[in-house]
file final.cif (mmCIF, C-alpha atoms)
data_structure
#
loop_
_atom_site.label_atom_id
_atom_site.label_comp_id
_atom_site.auth_asym_id
_atom_site.auth_seq_id
_atom_site.Cartn_x
_atom_site.Cartn_y
_atom_site.Cartn_z
CA MET T 79 18.18 -11.14 5.53
CA PRO T 80 14.61 -12.38 5.95
CA GLY T 81 12.33 -13.34 3.10
CA ILE T 82 8.52 -13.42 3.17
CA ASP T 83 8.37 -16.82 4.90
CA GLU T 84 10.88 -15.92 7.62
CA CYS T 85 8.97 -12.70 8.26
CA LEU T 86 5.67 -14.57 8.62
CA LEU T 87 7.18 -17.20 10.93
CA GLU T 88 8.57 -14.38 13.05
CA ALA T 89 5.10 -12.84 13.29
CA MET T 90 3.70 -16.19 14.44
CA LYS T 91 6.03 -16.11 17.46
CA LEU T 92 4.02 -13.23 18.91
CA PRO T 93 1.81 -14.32 21.82
CA GLY T 94 -1.68 -15.20 20.65
CA ALA T 95 -0.80 -15.23 16.94
CA ARG T 96 -3.28 -17.36 14.97
CA GLY T 97 -2.31 -16.56 11.41
CA ALA T 98 -0.42 -14.08 9.27
CA ALA T 99 -0.15 -13.06 5.63
CA VAL T 100 1.64 -10.71 3.27
CA VAL T 101 -1.01 -9.23 0.97
CA ASP T 102 -1.05 -6.91 -2.04
CA TRP T 103 -3.95 -4.53 -1.55
CA THR T 104 -4.41 -3.50 -5.18
CA SER T 105 -5.04 -7.03 -6.41
CA GLY T 106 -6.05 -8.73 -3.14
CA LEU T 107 -3.41 -11.41 -3.69
CA ALA T 108 -1.80 -13.18 -0.72
CA LEU T 109 1.94 -13.28 -1.49
CA GLY T 110 2.59 -15.51 1.51
CA THR T 111 0.53 -17.02 4.34
CA VAL T 112 1.07 -18.97 7.55
CA GLY T 113 -1.14 -20.47 10.26
CA GLU T 114 -4.91 -20.26 10.31
CA SER T 115 -7.19 -17.81 8.59
CA PRO T 116 -10.46 -16.49 10.03
CA SER T 117 -12.46 -17.48 6.92
CA GLY T 118 -10.76 -20.87 6.71
CA ASP T 119 -9.28 -19.81 3.37
CA HIS T 120 -6.28 -17.47 3.18
CA GLU T 121 -7.21 -16.26 -0.32
CA THR T 122 -10.66 -15.13 0.76
CA THR T 123 -9.27 -13.41 3.84
CA ALA T 124 -6.59 -11.69 1.74
CA ALA T 125 -9.19 -10.30 -0.66
CA GLU T 126 -11.26 -8.98 2.25
CA THR T 127 -8.39 -7.43 4.20
CA ALA T 128 -7.06 -5.92 0.95
CA GLU T 129 -10.35 -4.10 0.42
CA LEU T 130 -10.14 -2.59 3.89
CA ALA T 131 -6.47 -1.66 3.42
CA ARG T 132 -7.19 -0.07 0.05
CA MET T 133 -9.84 2.20 1.50
CA ALA T 134 -7.57 3.27 4.34
CA ALA T 135 -4.71 3.90 1.93
CA GLU T 136 -6.80 5.78 -0.62
CA PHE T 137 -9.31 7.88 1.27
CA PRO T 138 -7.73 11.29 1.91
CA SER T 139 -9.41 11.49 5.31
CA PHE T 140 -6.90 8.98 6.68
CA ALA T 141 -3.79 10.65 5.27
CA PRO T 142 -1.56 12.81 7.45
CA ALA T 143 -1.94 16.57 7.21
CA ASP T 144 0.15 18.66 4.83
CA GLY T 145 3.42 19.71 6.41
CA SER T 146 3.66 16.60 8.56
CA GLY T 147 6.70 15.46 6.63
CA TRP T 148 4.74 12.85 4.70
CA SER T 149 6.32 12.26 1.31
CA ASP T 150 4.80 10.74 -1.80
CA GLY T 151 6.88 7.59 -1.56
CA ASP T 152 5.54 6.84 1.89
CA THR T 153 2.37 4.99 2.80
CA PRO T 154 -0.25 7.45 4.08
CA VAL T 155 -1.37 5.03 6.81
CA ASN T 156 0.99 3.10 9.11
CA ASP T 157 -1.32 0.41 10.38
CA LEU T 158 -4.95 -0.54 10.85
CA ILE T 159 -6.44 -2.30 13.86
CA VAL T 160 -9.72 -4.17 13.92
CA SER T 161 -10.88 -5.70 17.16
CA ASN T 162 -13.79 -8.02 17.85
CA ARG T 163 -14.92 -10.07 20.87
CA ASP T 164 -12.26 -12.69 20.60
CA SER T 165 -9.50 -11.40 18.36
CA TYR T 166 -7.49 -8.54 16.89
CA HIS T 167 -6.43 -7.93 13.32
CA VAL T 168 -3.40 -5.74 12.72
CA LEU T 169 -2.67 -4.60 9.16
CA GLN T 170 0.81 -3.07 8.89
CA PHE T 171 1.60 -1.27 5.62
CA VAL T 172 5.01 -2.02 4.11
CA ARG T 173 7.05 0.81 2.68
CA THR T 174 9.18 -0.34 -0.26
CA THR T 175 11.87 1.28 -2.41
CA PHE T 176 9.92 0.27 -5.53
CA ASP T 177 6.25 0.84 -6.38
CA SER T 178 4.09 -1.56 -4.39
CA SER T 179 0.90 -1.85 -2.37
CA VAL T 180 1.73 -4.44 0.26
CA PHE T 181 0.80 -4.94 3.90
CA LEU T 182 1.38 -7.50 6.65
CA HIS T 183 -1.75 -8.96 8.24
CA LEU T 184 -1.60 -10.54 11.69
CA TRP T 185 -4.58 -12.26 13.30
CA LEU T 186 -4.26 -12.37 17.06
CA GLY T 187 -6.27 -14.06 19.83
CA ARG T 188 -7.62 -11.45 22.20
CA THR T 189 -6.93 -13.10 25.55
CA GLU T 190 -3.36 -14.20 24.83
CA GLY T 191 -2.46 -11.39 22.44
CA ASN T 192 -0.68 -8.17 23.31
CA LEU T 193 -1.83 -5.53 20.85
CA ALA T 194 0.82 -2.94 21.72
CA LEU T 195 3.64 -5.45 21.38
CA ALA T 196 2.19 -6.79 18.13
CA ARG T 197 2.04 -3.30 16.60
CA ILE T 198 5.64 -2.52 17.50
CA ARG T 199 6.96 -5.88 16.31
CA LEU T 200 4.97 -5.82 13.05
CA GLY T 201 6.36 -2.36 12.28
CA GLU T 202 9.87 -3.70 12.79
CA MET T 203 9.16 -6.77 10.67
CA ALA T 204 7.81 -4.65 7.83
CA ARG T 205 11.06 -2.69 7.81
CA GLN T 206 13.24 -5.80 8.02
CA LEU T 207 11.30 -7.46 5.21
CA VAL T 208 12.29 -4.78 2.72
CA LEU T 209 15.57 -3.51 4.16
CA GLY T 210 17.08 -6.82 5.27
CA MET H 1 -1.17 -28.27 -21.35
CA LEU H 2 -0.03 -26.30 -18.29
CA HIS H 3 -1.48 -28.89 -15.92
CA ARG H 4 0.35 -31.65 -17.74
CA LEU H 5 3.61 -29.68 -17.61
CA ALA H 6 3.14 -29.09 -13.90
CA ALA H 7 2.36 -32.78 -13.30
CA GLU H 8 5.46 -33.95 -15.17
CA LYS H 9 7.56 -31.31 -13.32
CA ALA H 10 8.69 -29.81 -16.61
CA THR H 11 11.38 -27.16 -17.01
CA GLY H 12 11.18 -24.76 -19.93
CA SER H 13 9.33 -21.85 -21.54
CA PHE H 14 5.57 -21.81 -22.00
CA MET H 15 5.00 -19.28 -24.79
CA ARG H 16 1.86 -17.56 -25.97
CA GLU H 17 1.20 -14.45 -28.00
CA ARG H 18 1.32 -12.11 -25.04
CA GLY H 19 4.34 -13.47 -23.23
CA THR H 20 6.07 -16.37 -21.58
CA LEU H 21 5.80 -18.36 -18.35
CA HIS H 22 9.12 -19.82 -17.25
CA LEU H 23 8.80 -23.18 -15.55
CA ALA H 24 11.29 -25.06 -13.39
CA ASP H 25 10.34 -28.47 -11.98
CA GLY H 26 6.70 -27.78 -12.85
CA HIS H 27 6.56 -24.50 -10.93
CA VAL H 28 6.36 -20.99 -12.38
CA ILE H 29 9.62 -19.25 -11.52
CA HIS H 30 9.12 -16.16 -13.65
CA ALA H 31 6.86 -14.62 -16.28
CA GLU H 32 7.43 -11.95 -18.89
CA SER H 33 5.08 -10.09 -21.20
CA PRO H 34 5.50 -7.18 -23.61
CA ASP H 35 2.38 -5.75 -21.94
CA THR H 36 4.02 -5.42 -18.51
CA PRO H 37 7.09 -3.63 -17.13
CA ALA H 38 9.97 -6.07 -16.73
CA LEU H 39 11.35 -6.90 -13.28
CA GLU H 40 14.41 -4.82 -14.15
CA LEU H 41 12.25 -1.75 -14.74
CA LEU H 42 10.24 -2.23 -11.53
CA LEU H 43 13.48 -2.52 -9.54
CA THR H 44 15.30 0.42 -11.14
CA ALA H 45 12.41 2.88 -11.74
CA GLY H 46 12.26 4.10 -8.16
CA GLY H 47 16.02 3.93 -7.63
CA ALA H 48 15.85 0.77 -5.51
CA LEU H 49 18.57 -0.67 -7.72
CA SER H 50 20.80 1.19 -10.18
CA PRO H 51 20.90 0.06 -13.82
CA GLU H 52 24.63 -0.61 -13.32
CA GLN H 53 23.97 -2.91 -10.38
CA TRP H 54 21.39 -4.75 -12.46
CA ARG H 55 23.82 -5.19 -15.36
CA GLN H 56 26.57 -6.41 -13.03
CA ALA H 57 24.20 -9.01 -11.58
CA LEU H 58 23.14 -10.14 -15.07
CA ASP H 59 26.77 -10.48 -16.20
CA ALA H 60 27.91 -12.24 -13.05
CA ALA H 61 25.06 -14.67 -12.52
CA GLY H 62 23.04 -14.73 -15.75
CA PRO H 63 25.03 -17.55 -17.36
CA GLU H 64 24.39 -19.78 -14.31
CA GLN H 65 20.70 -18.79 -14.16
CA ARG H 66 20.89 -17.38 -10.66
CA VAL H 67 20.59 -13.60 -10.97
CA GLY H 68 17.95 -13.43 -8.22
CA ARG H 69 20.13 -15.35 -5.77
CA PHE H 70 23.14 -13.21 -6.69
CA LEU H 71 21.26 -9.94 -6.01
CA VAL H 72 20.49 -11.16 -2.49
CA ASP H 73 23.78 -12.91 -1.66
CA SER H 74 25.92 -10.02 -2.87
CA GLY H 75 23.97 -7.62 -0.65
CA ARG H 76 22.65 -5.62 -3.61
CA PHE H 77 19.01 -6.23 -2.75
CA PRO H 78 17.21 -7.53 0.37
CA GLU H 79 15.57 -10.92 -0.01
CA GLY H 80 12.11 -9.89 1.17
CA ALA H 81 12.02 -6.88 -1.13
CA LEU H 82 13.14 -8.96 -4.11
CA GLU H 83 10.46 -11.58 -3.41
CA LEU H 84 7.75 -8.91 -3.23
CA CYS H 85 8.84 -7.20 -6.43
CA HIS H 86 9.45 -10.48 -8.23
CA LEU H 87 6.03 -11.93 -7.32
CA GLY H 88 4.46 -8.66 -8.42
CA ALA H 89 6.12 -8.96 -11.84
CA LEU H 90 5.38 -12.69 -12.13
CA TYR H 91 1.63 -12.48 -11.50
CA ASP H 92 1.46 -9.30 -13.57
CA ALA H 93 2.92 -10.89 -16.71
CA ALA H 94 1.04 -14.16 -16.13
CA PHE H 95 -2.23 -12.22 -16.19
CA PHE H 96 -1.54 -11.28 -19.82
CA VAL H 97 0.08 -14.55 -20.89
CA LEU H 98 -2.91 -16.58 -19.64
CA GLY H 99 -5.52 -14.02 -20.72
CA PRO H 100 -8.41 -15.07 -22.96
CA ASP H 101 -6.86 -13.60 -26.13
CA GLY H 102 -3.43 -15.14 -25.64
CA GLY H 103 -3.70 -17.49 -28.64
CA PRO H 104 -2.18 -20.96 -28.98
CA ALA H 105 0.59 -22.11 -26.65
CA ARG H 106 3.85 -23.90 -27.26
CA PHE H 107 6.43 -25.21 -24.86
CA ARG H 108 10.19 -25.41 -25.23
CA TYR H 109 11.64 -28.00 -22.91
CA GLY H 110 14.86 -27.44 -21.04
CA VAL H 111 15.11 -23.67 -21.32
CA GLU H 112 16.26 -22.24 -18.00
CA HIS H 113 15.62 -18.61 -17.18
CA TRP H 114 18.54 -16.39 -16.15
CA LEU H 115 16.73 -15.11 -13.06
CA GLY H 116 16.65 -18.53 -11.41
CA ALA H 117 14.22 -19.51 -8.68
CA VAL H 118 13.37 -16.66 -6.30
CA ARG H 119 10.00 -17.80 -5.03
CA PRO H 120 8.46 -20.49 -7.28
CA VAL H 121 4.67 -20.52 -7.54
CA PRO H 122 2.44 -23.52 -8.38
CA VAL H 123 0.82 -23.38 -11.84
CA VAL H 124 -2.70 -23.68 -10.35
CA ALA H 125 -2.07 -20.67 -8.09
CA VAL H 126 -1.10 -18.55 -11.09
CA GLN H 127 -4.15 -19.70 -13.07
CA ARG H 128 -6.51 -19.10 -10.16
CA GLU H 129 -5.10 -15.63 -9.54
CA THR H 130 -5.35 -14.71 -13.23
CA ALA H 131 -9.04 -15.66 -13.28
CA ARG H 132 -9.67 -13.74 -10.06
CA ARG H 133 -7.98 -10.65 -11.50
CA GLN H 134 -10.11 -10.78 -14.64
CA GLU H 135 -13.19 -10.89 -12.45
CA LEU H 136 -11.91 -8.02 -10.32
CA LEU H 137 -11.42 -5.77 -13.37
CA HIS H 138 -14.86 -6.70 -14.67
CA GLU H 139 -16.43 -5.77 -11.35
CA ILE H 140 -14.79 -2.35 -11.37
CA TRP H 141 -15.83 -1.51 -14.94
CA PRO H 142 -17.00 -4.07 -17.48
CA GLU H 143 -15.54 -2.48 -20.64
CA ASP H 144 -12.03 -3.49 -21.57
CA ALA H 145 -11.35 -0.93 -24.31
CA ALA H 146 -9.42 1.27 -21.88
CA ASP H 147 -7.01 -1.60 -21.19
CA THR H 148 -5.32 -1.41 -24.57
CA GLU H 149 -6.39 1.77 -26.41
CA PRO H 150 -4.75 5.18 -26.00
CA LEU H 151 -6.41 6.96 -23.11
CA VAL H 152 -8.06 10.37 -23.10
CA ARG H 153 -9.43 12.64 -20.40
CA THR H 154 -13.17 13.20 -20.66
CA ARG H 155 -14.69 16.60 -20.10
CA LEU H 156 -15.70 15.70 -16.58
CA PRO H 157 -14.15 18.09 -14.08
CA LEU H 158 -11.52 16.44 -11.96
CA ASP H 159 -12.47 15.31 -8.50
CA THR H 160 -9.74 16.77 -6.32
CA ARG H 161 -10.15 13.99 -3.79
CA LEU H 162 -8.91 11.42 -6.25
CA PRO H 163 -6.61 8.83 -4.58
CA ARG H 164 -3.01 9.76 -5.32
CA ARG H 165 -2.22 6.50 -7.10
CA GLN H 166 -5.04 7.24 -9.54
CA ARG H 167 -3.92 10.85 -9.78
CA ALA H 168 -0.45 9.67 -10.81
CA VAL H 169 -2.00 7.58 -13.59
CA LEU H 170 -4.24 10.42 -14.70
CA GLU H 171 -1.30 12.82 -14.99
CA HIS H 172 0.10 10.66 -17.79
CA VAL H 173 -3.14 10.37 -19.76
CA ASP H 174 -2.49 12.42 -22.89
CA GLY H 175 -4.49 10.87 -25.74
CA VAL H 176 -1.48 8.90 -26.95
CA ARG H 177 -0.33 6.68 -24.09
CA THR H 178 -1.98 3.36 -23.27
CA ALA H 179 -2.31 1.83 -19.80
CA ALA H 180 0.82 -0.27 -20.51
CA ASP H 181 2.80 2.88 -21.41
CA ILE H 182 1.73 4.54 -18.18
CA ALA H 183 2.64 1.46 -16.15
CA ARG H 184 6.16 1.60 -17.59
CA LEU H 185 6.47 5.33 -16.92
CA LEU H 186 5.41 4.85 -13.32
CA GLY H 187 7.45 1.67 -12.80
CA ARG H 188 4.26 0.04 -11.61
CA PRO H 189 2.78 -3.38 -12.51
CA ALA H 190 0.47 -3.17 -15.55
CA PHE H 191 -2.42 -4.88 -13.78
CA HIS H 192 -2.23 -2.37 -10.93
CA THR H 193 -2.40 0.39 -13.51
CA LEU H 194 -5.38 -1.28 -15.19
CA VAL H 195 -7.20 -1.32 -11.85
CA ASP H 196 -6.74 2.45 -11.59
CA VAL H 197 -7.60 3.02 -15.26
CA ARG H 198 -10.83 1.04 -14.92
CA ARG H 199 -11.71 2.98 -11.75
CA LEU H 200 -11.11 6.22 -13.62
CA ALA H 201 -13.19 4.89 -16.52
CA ALA H 202 -16.00 3.88 -14.16
CA ALA H 203 -15.96 7.39 -12.72
CA GLY H 204 -16.18 8.81 -16.24
CA ILE H 205 -12.87 10.67 -15.94
CA VAL H 206 -10.89 8.63 -18.48
CA ALA H 207 -12.00 6.84 -21.64
CA ALA H 208 -10.45 4.82 -24.43
CA ASP H 209 -9.74 7.01 -27.42
CA ALA H 210 -11.86 4.93 -29.74
CA GLY H 211 -14.72 7.24 -30.47
CA ILE H 212 -16.41 6.68 -27.13
CA VAL H 213 -18.59 9.66 -26.34
CA ALA H 214 -17.29 11.37 -23.25
CA PRO H 215 -19.94 11.75 -20.59
CA THR H 216 -20.88 15.34 -19.93
CA ARG H 217 -22.21 16.60 -16.66
CA ARG H 218 -22.58 19.89 -14.94
CA ARG H 219 -21.29 18.93 -11.53
CA PRO H 220 -18.63 16.43 -10.46
CA ARG H 221 -20.07 13.49 -8.64
CA PRO H 222 -19.13 13.55 -4.96
CA GLU H 223 -17.05 10.56 -3.82
CA ALA H 224 -16.81 9.53 -7.44
CA LEU H 225 -14.40 6.69 -6.84
CA ALA H 226 -15.82 4.92 -3.84
CA ALA H 227 -16.30 1.20 -4.39
CA ARG H 228 -20.06 1.37 -4.58
CA PRO H 229 -22.70 2.51 -7.06
CA PRO H 230 -22.76 6.27 -7.61
CA ALA H 231 -25.16 8.23 -5.45
CA THR H 232 -28.51 9.08 -6.98
CA SER H 233 -28.26 12.30 -8.91
CA THR H 234 -30.85 14.61 -10.37
CA GLY H 235 -29.86 14.19 -14.01
CA PRO H 236 -29.29 11.02 -16.01
CA ASP H 237 -25.98 9.43 -15.06
CA ILE H 238 -24.54 8.31 -18.36
CA SER H 239 -21.77 6.20 -16.94
CA LEU H 240 -24.20 4.40 -14.64
CA LEU H 241 -26.57 3.79 -17.55
CA ARG H 242 -23.71 2.39 -19.61
CA ARG H 243 -22.74 0.11 -16.74
CA LEU H 244 -26.32 -1.07 -16.37
CA ARG H 245 -26.62 -1.74 -20.08
CA ASN H 246 -23.43 -3.74 -20.05
CA ALA H 247 -24.47 -5.69 -17.00
CA LEU H 248 -27.83 -6.54 -18.62
CA GLU H 249 -26.13 -7.58 -21.84
CA GLY H 250 -23.81 -9.76 -19.83
CA LEU H 251 -26.70 -11.77 -18.32
#

call {"tool": "encode", "arguments": {"input": "final.cif", "output": "structure tokens"}}
result
Amino acid sequence: MPGIDECLLEAMKLPGARGAAVVDWTSGLALGTVGESPSGDHETTAAETAELARMAAEFPSFAPADGSGWSDGDTPVNDLIVSNRDSYHVLQFVRTTFDSSVFLHLWLGRTEGNLALARIRLGEMARQLVLG
Amino acid sequence: MLHRLAAEKATGSFMRERGTLHLADGHVIHAESPDTPALELLLTAGGALSPEQWRQALDAAGPEQRVGRFLVDSGRFPEGALELCHLGALYDAAFFVLGPDGGPARFRYGVEHWLGAVRPVPVVAVQRETARRQELLHEIWPEDAADTEPLVRTRLPLDTRLPRRQRAVLEHVDGVRTAADIARLLGRPAFHTLVDVRRLAAAGIVAADAGIVAPTRRRPRPEALAARPPATSTGPDISLLRRLRNALEGL
């Protein structure tokens, strides 16, 4: 069963991975980090990505429609993607069996990275992290 | 004192008025505070772990101080999930233990906590995070009365587009319960509840029941809870004026 560190090391195996973190979006705290961070400081990056994640998780515009089978225990948003000239950021929300507000953040080089693969793998890792 | 304990790789309990940090080899391995829901409550509230399973783990591994390890090794709880929940509880309690009104500290050497090491955290990381959290709360809403006093709904009409985590908090505001009570009811870290309470206070929807005059307005403010100053309105915005006054006083 993987812990936070194993999960992050797994994420770093993805092609083009530059850095990864497990972040709590209510507080902006990085619960675990690996590799580089775009700001040079994982704590600063965690606070910034948490703000973005919080907005996506809280604004009703991003939630699925009524009747889509979305339950209250679930995260309204699955993942967030930000792309710029040289990199991608994928924020994958983690669904837990206890109350939490956690997501996985992967920073990916654009030329080497495979966004589709990263999304699929991050989704799997988020499930493994909490289900073992 | 904490820095010295960390430097000498001390093991024991660091106690203040609002709780205890448990140290092993100079690292924080757990924290507990009467102001925050215990790890047990966070794990069992949502049904992630049954109270029986928790008791079994305590009985089996408590005496050897390795309850956390036992939960994982016996297949009762996945490692990643335990680390997430545990860190949530640790930083949550530490926020209150290390808070400005925590009073004098004392340390009892040699006391080992029954949970054992799950994911030890350096003392400086806990201190830094506590300071950052205090700042974060202050930025949302500078008054701390709502943190500890019973909470009341103001007469402001409810914004139906309230985020559901805030809505869950608001549903338990009844003029008697405090933020800590609501955190326990929701099985949610106390700091996370404070964040929502301060957002609700900033929006003028919730206030501490300590004689604070509830703001009155004719229309609900659109997008009341966005993380930015309220939009300009035609009438005087009492909550904005209060915020401004507090900010000026804080200079």

call {"tool": "residues_around", "arguments": {"input": "final.cif", "residues": "Arg66 (chain H)", "least_positions_apart": "6", "cutoff": "12 Å", "atoms": "all atoms listed in the file", "output": "list in words"}}
result
Ile29, Ala57, Leu58, Asp59, Ala60, Val72, Asp73, Ser74, Glu112, His113, Trp114, Leu115, Gly116, Ala117 and Val118 of chain H

call {"tool": "residues_around", "arguments": {"input": "final.cif", "residues": "region 4-9 of chain H", "least_positions_apart": "4", "cutoff": "8 Å", "atoms": "all atoms listed in the file", "output": "PyMOL selection string"}}
result
chain H and resi 24-27+122-123

call {"tool": "residues_near_point", "arguments": {"input": "final.cif", "point": "(-1.6, 10.3, -24.7)", "cutoff": "7 Å", "atoms": "all atoms listed in the file", "output": "count of residues only"}}
result
8

call {"tool": "residues_around", "arguments": {"input": "final.cif", "residues": "Val169 (chain H)", "least_positions_apart": "5", "cutoff": "8 Å", "atoms": "all atoms listed in the file", "output": "ChimeraX atom specification"}}
result
/H:182,186,193,196-197

call {"tool": "write_last_selection", "arguments": {"input": "final.cif", "atoms": "C-alpha atoms", "output": "tab-separated table (two decimals), keeping the file's coordinate frame"}}
result
chain	number	residue	atom	x	y	z
H	182	ILE	CA	1.73	4.54	-18.18
H	186	LEU	CA	5.41	4.85	-13.32
H	193	THR	CA	-2.40	0.39	-13.51
H	196	ASP	CA	-6.74	2.45	-11.59
H	197	VAL	CA	-7.60	3.02	-15.26

call {"tool": "atom_distance", "arguments": {"input": "final.cif", "atom1": "CA of Leu82 (chain H)", "atom2": "CA of Arg18 (chain H)"}}
result
24.2 Å

call {"tool": "closest_atom_pairs", "arguments": {"input": "final.cif", "of": "chain H", "to": "chain T", "cutoff": "8 Å", "atoms": "only C-alpha atoms", "output": "CSV"}}
result
residue,atom,partner,partner_atom,distance
H:Leu42,CA,T:Phe176,CA,6.5
H:Leu43,CA,T:Phe176,CA,6.0
H:Thr44,CA,T:Phe176,CA,7.8
H:Ala45,CA,T:Phe176,CA,7.2
H:Gly46,CA,T:Phe176,CA,5.2
H:Gly47,CA,T:Thr175,CA,7.2
H:Ala48,CA,T:Thr175,CA,5.1
H:Pro78,CA,T:Gly210,CA,5.0
H:Glu79,CA,T:Gly81,CA,5.1
H:Gly80,CA,T:Gly81,CA,4.0
H:Ala81,CA,T:Val208,CA,4.4
H:Glu83,CA,T:Gly81,CA,7.0
H:Leu84,CA,T:Leu109,CA,7.5
H:Cys85,CA,T:Phe176,CA,7.6
H:Leu87,CA,T:Leu109,CA,7.2
H:Glu129,CA,T:Leu107,CA,7.4
H:Arg133,CA,T:Ser105,CA,6.9
H:Leu136,CA,T:Ser105,CA,8.0
H:Arg161,CA,T:Pro138,CA,6.8
H:Pro163,CA,T:Glu136,CA,5.0
H:Arg164,CA,T:Glu136,CA,7.2
H:Arg165,CA,T:Glu136,CA,8.0
H:Gly187,CA,T:Asp177,CA,6.6
H:Arg188,CA,T:Asp177,CA,5.7
H:His192,CA,T:Thr104,CA,6.3
H:Val195,CA,T:Thr104,CA,7.6

call {"tool": "closest_residue", "arguments": {"input": "final.cif", "among": "T:Thr123, T:Leu195, T:Leu182, T:Ser146", "to": "Leu86 (chain T)", "atoms": "all atoms listed in the file"}}
result
T:Leu182

call {"tool": "atom_distance", "arguments": {"input": "final.cif", "atom1": "CA of Pro37 (chain H)", "atom2": "CA of Ser13 (chain H)"}}
result
18.9 Å

call {"tool": "resolve_selection", "arguments": {"input": "final.cif", "expression": "the PyMOL selection byres ((chain T and resi 189) around 8)", "output": "ChimeraX atom specification"}}
result
/T:94,164-165,187-188,190-191
